[in-house]
Amino acid sequence: MVEKTNLRLVLAGLLLAILMAAMDSTIVATALGSILADLGGVESYVWITSAYAVAVLAGMPIFGKLSDMYGRKRFFVFGLTIFLIGSALCGIAQSVPQLAVFRAIQGIGGGALLPIAFTIVFDVFPPEKRGKMTGLLGAVFGASSVLGPLLGAFITDTISWNWVFYINIPIGLAALILILRFYKETTQPKKQKIDWLGAFSLITAVVSLMFGLQFGGKEFAWSSWQSIALFSTFAVFCTLFLWAETRASEPIISFWMFKNRLFASSQVLALIYGATFVGLTIFIPIFVQAVYGGSATNAGVILIPMLLGSVVGSAFAGFAQSKMTYQRIMTISVIAYAIGMGLMATISPETSRYLLTLYMVTVGFGVGFSFSLLPSASVHKMDYRHRGSANSTNSFFRTLGLALGITIFGSIQTKLLTTEITDKLDGSGQDAANTIENLQTVFQPEQRASIPTDILEVIVNAMSNSISTTFLLSLIPISIAFIAVYYMGNERLEVKKKNEDVAVKTAKKM
């Protein structure tokens, strides 16, 4: 599909696009304070992140299927273009509602970029190079989740929050030029029937679920009519989607894929890794700042050891694909991940920074395998017209895991924290409710110094215990990952041996 001399330039374009799209959620999160200070609308800030997440999640399976039907290039270019337009609009937003709308436009583009980029790698690279290439793409994907906060904080502090969005434009334009110029797609699209009912029901179900998870327990109670309405809508349209997909000639998600043990187990692993990894990126910076103290420590800097571990893990998994079965590689991954998470569950105010760094490297190494291996396992032995759908399904489950993990583990940690503070302070005559309401003071060195020593000790211990217990509970889904790995079977990336290639060439000459 692509001439050998252009493969590196195509890969460069894909890497830039993945870095830009995957980093967008985390880079914006660190700029939220400055954005709200400038635009106001503190009461509706959650829309800034949720609008992007909902659009990405809803678009992934649809764009993956469309790329199978009508070609990768046109939808990858479409995604890049929409993402850049959304980024430019976000930079000039004048209000939070306006910014939320522009973030949704960005998310539509992001939903096309992430899954199609991995699929293009499987289209243009021969089997013997796919492992290395997916390892590289996976490393960039994993690094983006940690680099985002660091870059976001730097840009916000040195320039302005607007450039958190503007920075995407030069990166995206470079990726767009490289893909337009050097990616030559030769496969001719075939006219097929679009599954409109499946697309509509999927989008409605995903939007309802995401908003229910985003706002439930925050904007309104879990038992409120709003929560009940959103989750009921999700249940109805999820059922409609499942019904529609069994009858569509070209379904958005082909359920026959789940009959394949390797594919099905890869989706379960993507969901589990997504749900558990997101807790690490959220709670480790909170632990360091609230328990150790000091505000100079930036979230991105704190997470660098985990970033390094994930990059090494992703690269190792990529190189190992041609030498070991997917199952054996993921066994190493789950063991390392479980050990790392188990170590994270032991952290306390007495844990040294050295040990915390070691724990982060271990857990990062374990989770890094999934960034490169699971996309590869998902498209294993899939022909061209099913790869996009298979890869986008894997991206969908990982992203869904992120949303579920934030909600579930975030709620658990908050409940554990407030319960311990209440139990410890109520009996001492202190105002527990006031302490909980003003917990943000523990992150600010000036105000932290003014907190009475006995109350500060309670807050620090409660924060430490709630986070370590949340990590301990994360081992429950990770234990399920062992079962999923067992069912992967003995498939491996098939690579032609050199002597086979020579024999084929010799036969052709004869």
# chains A, B, ... in the order shown; residues from 1 in each chain; ligands from 1
call {"tool": "residues_around", "arguments": {"residues": "Leu475 of chain A", "least_positions_apart": "3", "cutoff": "12 Å", "atoms": "only C-alpha atoms", "output": "list in words"}}
result
Ile272, Tyr273, Ala275, Thr276, Phe277, Gly279, Val334, Ile335, Tyr337, Ala338, Ile339, Gly340, Met341, Gly342, Leu343, Met344, Ala345, Val363, Phe409, Ser468, Thr469, Thr470, Phe471, Leu472, Ile478, Ser479, Ile480, Ala481 and Phe482 of chain A
call {"tool": "closest_atom_pairs", "arguments": {"of": "segment 281-370 of chain A", "to": "segment 117-127 of chain A", "cutoff": "12 Å", "atoms": "only C-alpha atoms", "output": "CSV"}}
result
residue,atom,partner,partner_atom,distance
A:Gly318,CA,A:Pro127,CA,11.9
A:Phe319,CA,A:Pro127,CA,11.9
A:Gln321,CA,A:Pro127,CA,10.1
A:Ser322,CA,A:Pro127,CA,8.5
call {"tool": "atom_distance", "arguments": {"atom1": "atom CA of Leu113 of chain A", "atom2": "atom CA of Ile332 of chain A"}}
result
29.4 Å
call {"tool": "closest_residue", "arguments": {"among": "A:Val361, A:Ala270, A:Ala100, A:Leu151", "to": "Ser392 of chain A", "atoms": "only C-alpha atoms"}}
result
A:Ala270
call {"tool": "select_by_dssp", "arguments": {"residues": "segment 384-489 of chain A", "states": "alpha helix (DSSP H)", "output": "ChimeraX atom specification"}}
result
/A:384-426,432-437,445-448,453-486
call {"tool": "closest_residue", "arguments": {"among": "A:Thr418, A:Asn465, A:Asn6, A:Ser348", "to": "Tyr183 of chain A", "atoms": "only C-alpha atoms"}}
result
A:Asn6
call {"tool": "closest_residue", "arguments": {"among": "A:Thr246, A:Gln94, A:Thr81, A:Ser144", "to": "Ile177 of chain A", "atoms": "only C-alpha atoms"}}
result
A:Thr81
call {"tool": "closest_residue", "arguments": {"among": "A:Ser310, A:Gly217, A:Leu19, A:Leu493", "to": "Glu128 of chain A", "atoms": "only C-alpha atoms"}}
result
A:Leu493
